[in-house]
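Visitor: Sharing start.tsv here; it has TSV, N, CA and C atoms.
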```
chain	number	residue	atom	x	y	z
A	10	MET	N	76.14	122.26	127.32
A	10	MET	CA	76.68	122.00	126.02
A	10	MET	C	75.53	121.83	125.03
A	11	ALA	N	75.64	122.45	123.88
A	11	ALA	CA	74.58	122.39	122.88
A	11	ALA	C	74.62	121.05	122.15
A	12	GLU	N	73.45	120.54	121.84
A	12	GLU	CA	73.35	119.28	121.12
A	12	GLU	C	73.17	119.58	119.64
A	13	ILE	N	73.92	118.85	118.81
A	13	ILE	CA	73.83	119.04	117.37
A	13	ILE	C	73.09	117.85	116.77
A	14	THR	N	72.09	118.14	115.96
A	14	THR	CA	71.33	117.10	115.30
A	14	THR	C	71.54	117.25	113.80
A	15	ILE	N	71.83	116.13	113.15
A	15	ILE	CA	72.03	116.18	111.70
A	15	ILE	C	71.27	115.02	111.08
A	16	ASP	N	70.64	115.30	109.98
A	16	ASP	CA	69.87	114.32	109.24
A	16	ASP	C	70.82	113.26	108.67
A	17	GLU	N	70.45	111.99	108.79
A	17	GLU	CA	71.30	110.89	108.33
A	17	GLU	C	71.61	111.00	106.83
A	18	SER	N	70.63	111.37	106.03
A	18	SER	CA	70.85	111.49	104.59
A	18	SER	C	71.80	112.65	104.28
A	19	LYS	N	71.69	113.72	105.05
A	19	LYS	CA	72.58	114.88	104.87
A	19	LYS	C	74.02	114.50	105.25
A	20	LEU	N	74.18	113.77	106.34
A	20	LEU	CA	75.50	113.31	106.77
A	20	LEU	C	76.11	112.39	105.72
A	21	LYS	N	75.31	111.48	105.19
A	21	LYS	CA	75.78	110.57	104.15
A	21	LYS	C	76.25	111.35	102.92
A	22	GLU	N	75.49	112.33	102.53
A	22	GLU	CA	75.85	113.16	101.36
A	22	GLU	C	77.14	113.94	101.63
A	23	LEU	N	77.29	114.49	102.83
A	23	LEU	CA	78.51	115.22	103.19
A	23	LEU	C	79.74	114.31	103.15
A	24	LEU	N	79.59	113.08	103.67
A	24	LEU	CA	80.70	112.13	103.64
A	24	LEU	C	81.08	111.74	102.22
A	25	LYS	N	80.09	111.51	101.38
A	25	LYS	CA	80.35	111.19	99.97
A	25	LYS	C	81.11	112.33	99.30
A	26	THR	N	80.66	113.54	99.53
A	26	THR	CA	81.31	114.71	98.95
A	26	THR	C	82.75	114.83	99.42
A	27	ALA	N	82.97	114.61	100.70
A	27	ALA	CA	84.33	114.71	101.25
A	27	ALA	C	85.24	113.64	100.63
A	28	ILE	N	84.73	112.43	100.47
A	28	ILE	CA	85.54	111.35	99.89
A	28	ILE	C	85.85	111.65	98.43
A	29	VAL	N	84.89	112.11	97.68
A	29	VAL	CA	85.11	112.44	96.27
A	29	VAL	C	86.16	113.55	96.15
A	30	GLU	N	86.06	114.58	96.98
A	30	GLU	CA	87.04	115.67	96.95
A	30	GLU	C	88.43	115.17	97.30
A	31	LEU	N	88.51	114.29	98.27
A	31	LEU	CA	89.80	113.71	98.65
A	31	LEU	C	90.40	112.94	97.48
A	32	LEU	N	89.59	112.13	96.84
A	32	LEU	CA	90.08	111.33	95.71
A	32	LEU	C	90.53	112.21	94.55
A	33	GLN	N	89.84	113.30	94.33
A	33	GLN	CA	90.17	114.19	93.21
A	33	GLN	C	91.37	115.08	93.51
A	34	GLU	N	91.43	115.61	94.71
A	34	GLU	CA	92.45	116.61	95.03
A	34	GLU	C	93.73	116.02	95.62
A	35	ARG	N	93.65	114.85	96.22
A	35	ARG	CA	94.81	114.26	96.89
A	35	ARG	C	95.07	112.84	96.39
A	36	LYS	N	95.10	112.69	95.07
A	36	LYS	CA	95.26	111.37	94.47
A	36	LYS	C	96.52	110.67	94.97
A	37	GLU	N	97.62	111.41	95.10
A	37	GLU	CA	98.88	110.80	95.51
A	37	GLU	C	98.80	110.24	96.93
A	38	VAL	N	98.07	110.91	97.80
A	38	VAL	CA	97.92	110.42	99.17
A	38	VAL	C	97.10	109.13	99.18
A	39	VAL	N	96.02	109.12	98.43
A	39	VAL	CA	95.16	107.94	98.35
A	39	VAL	C	95.94	106.79	97.71
A	40	TYR	N	96.69	107.06	96.65
A	40	TYR	CA	97.48	106.04	95.98
A	40	TYR	C	98.50	105.44	96.95
A	41	ASP	N	99.22	106.29	97.67
A	41	ASP	CA	100.23	105.81	98.62
A	41	ASP	C	99.58	104.96	99.71
A	42	LEU	N	98.43	105.38	100.19
A	42	LEU	CA	97.73	104.63	101.23
A	42	LEU	C	97.30	103.25	100.72
A	43	LEU	N	96.73	103.22	99.52
A	43	LEU	CA	96.30	101.94	98.95
A	43	LEU	C	97.50	101.03	98.67
A	44	ALA	N	98.60	101.59	98.18
A	44	ALA	CA	99.79	100.80	97.92
A	44	ALA	C	100.32	100.18	99.22
A	45	GLU	N	100.32	100.95	100.28
A	45	GLU	CA	100.79	100.44	101.57
A	45	GLU	C	99.88	99.33	102.10
A	46	ILE	N	98.58	99.49	101.92
A	46	ILE	CA	97.64	98.47	102.36
A	46	ILE	C	97.86	97.17	101.58
A	47	ILE	N	98.05	97.28	100.27
A	47	ILE	CA	98.28	96.09	99.45
A	47	ILE	C	99.59	95.41	99.84
A	48	GLU	N	100.63	96.19	100.09
A	48	GLU	CA	101.91	95.62	100.53
A	48	GLU	C	101.76	94.89	101.86
A	49	ASP	N	101.02	95.48	102.80
A	49	ASP	CA	100.80	94.85	104.10
A	49	ASP	C	100.06	93.53	103.96
A	50	ILE	N	99.05	93.50	103.10
A	50	ILE	CA	98.28	92.27	102.88
A	50	ILE	C	99.17	91.20	102.26
A	51	ALA	N	100.00	91.59	101.27
A	51	ALA	CA	100.89	90.63	100.63
A	51	ALA	C	101.92	90.09	101.62
A	52	LEU	N	102.46	90.95	102.46
A	52	LEU	CA	103.43	90.51	103.47
A	52	LEU	C	102.78	89.55	104.46
A	53	GLU	N	101.58	89.88	104.90
A	53	GLU	CA	100.86	89.00	105.83
A	53	GLU	C	100.63	87.63	105.20
A	54	LYS	N	100.24	87.60	103.94
A	54	LYS	CA	100.00	86.34	103.25
A	54	LYS	C	101.30	85.55	103.11
A	55	ALA	N	102.40	86.22	102.78
A	55	ALA	CA	103.69	85.55	102.66
A	55	ALA	C	104.13	84.95	103.99
A	56	ILE	N	103.91	85.68	105.07
A	56	ILE	CA	104.28	85.18	106.40
A	56	ILE	C	103.44	83.95	106.74
A	57	GLU	N	102.15	84.00	106.47
A	57	GLU	CA	101.28	82.86	106.75
A	57	GLU	C	101.70	81.64	105.93
A	58	GLU	N	102.03	81.84	104.66
A	58	GLU	CA	102.49	80.73	103.83
A	58	GLU	C	103.81	80.18	104.35
A	59	GLY	N	104.69	81.06	104.78
A	59	GLY	CA	105.98	80.64	105.30
A	59	GLY	C	105.88	79.83	106.58
A	60	GLU	N	104.86	80.11	107.37
A	60	GLU	CA	104.67	79.37	108.61
A	60	GLU	C	104.27	77.92	108.35
A	61	ASN	N	103.75	77.65	107.16
A	61	ASN	CA	103.28	76.31	106.82
A	61	ASN	C	104.25	75.55	105.92
A	62	THR	N	105.47	76.01	105.79
A	62	THR	CA	106.46	75.33	104.94
A	62	THR	C	107.65	74.90	105.78
A	63	GLU	N	108.44	74.03	105.19
A	63	GLU	CA	109.65	73.55	105.86
A	63	GLU	C	110.70	74.65	105.90
A	64	PRO	N	111.47	74.72	106.97
A	64	PRO	CA	112.55	75.71	107.05
A	64	PRO	C	113.61	75.47	105.95
A	65	VAL	N	114.22	76.57	105.50
A	65	VAL	CA	115.26	76.51	104.47
A	65	VAL	C	116.48	77.22	105.03
A	66	SER	N	117.65	76.71	104.70
A	66	SER	CA	118.87	77.32	105.22
A	66	SER	C	119.15	78.65	104.54
A	67	ARG	N	119.89	79.48	105.21
A	67	ARG	CA	120.30	80.78	104.68
A	67	ARG	C	121.12	80.59	103.40
A	68	GLU	N	121.99	79.60	103.41
A	68	GLU	CA	122.84	79.32	102.25
A	68	GLU	C	122.01	78.96	101.03
A	69	ALA	N	120.95	78.18	101.21
A	69	ALA	CA	120.09	77.79	100.10
A	69	ALA	C	119.40	79.01	99.49
A	70	ILE	N	118.98	79.92	100.34
A	70	ILE	CA	118.31	81.13	99.85
A	70	ILE	C	119.28	81.98	99.04
A	71	PHE	N	120.48	82.20	99.57
A	71	PHE	CA	121.45	83.03	98.85
A	71	PHE	C	121.91	82.37	97.56
A	72	LYS	N	121.96	81.04	97.54
A	72	LYS	CA	122.32	80.33	96.30
A	72	LYS	C	121.30	80.63	95.21
A	73	ILE	N	120.02	80.61	95.58
A	73	ILE	CA	118.95	80.91	94.63
A	73	ILE	C	119.04	82.36	94.17
A	74	LEU	N	119.29	83.27	95.11
A	74	LEU	CA	119.35	84.70	94.77
A	74	LEU	C	120.54	85.04	93.89
A	75	GLU	N	121.62	84.28	94.00
A	75	GLU	CA	122.84	84.56	93.22
A	75	GLU	C	122.79	84.00	91.81
A	76	GLN	N	121.80	83.19	91.50
A	76	GLN	CA	121.68	82.62	90.17
A	76	GLN	C	121.41	83.71	89.14
A	77	PRO	N	122.08	83.63	87.97
A	77	PRO	CA	121.82	84.64	86.92
A	77	PRO	C	120.39	84.52	86.38
A	78	GLN	N	119.84	85.63	86.03
A	78	GLN	CA	118.47	85.66	85.51
A	78	GLN	C	118.42	85.37	84.05
```
Could you express the structure from this file as structure tokens?

Guide:
Amino acid sequence: MAEITIDESKLKELLKTAIVELLQERKEVVYDLLAEIIEDIALEKAIEEGENTEPVSREAIFKILEQPQ
């Protein structure tokens, strides 16, 4: 099997170019990915906060949700 050698600076430049092209040509994919990451982080934080609070009844939650805005 042939061994491939690539200069570290050349590899770094190729990766930068690939990322820039991705950001320019596939903005919607990058946006969707970032939105999903942010949602996951927010959900994780909400779960952690919920683990440190007192339990609330289902009825109490629905009472709050049914209140007019």

Visitor: Quick one: DSSP alpha helix (DSSP H) residues in chain A, as a PyMOL selection string?

Guide: chain A and resi 17-34+36-60+67-75

Visitor: Padding of 5 Å on every side, edges along x, y and z, all listed atoms of range 67-70 of chain A included: what centre and edge lengths in Å, to one decimal, does that box have, as lines of an AutoDock Vina configuration file?

Guide:
```
center_x = 120.6
center_y = 79.9
center_z = 102.1
size_x = 14.5
size_y = 14.2
size_z = 16.2
```

Visitor: CA of Ile28 in chain A and CA of Tyr40 in chain A, how far apart in Å?

Guide: 13.6 Å

Visitor: Take atom C of Asp16 in chain A and CA of Glu34 in chain A and report the distance between them in Å, one decimal.

Guide: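 Between these atoms lies a distance of 25.8 Å.
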
Visitor: If you measure from CA of Val39 in chain A to atom N of Ala51 in chain A, what distance in Å do you get, rounded to one decimal?

Guide: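 Separating CA of Val39 in chain A from atom N of Ala51 in chain A is a distance of 17.3 Å.
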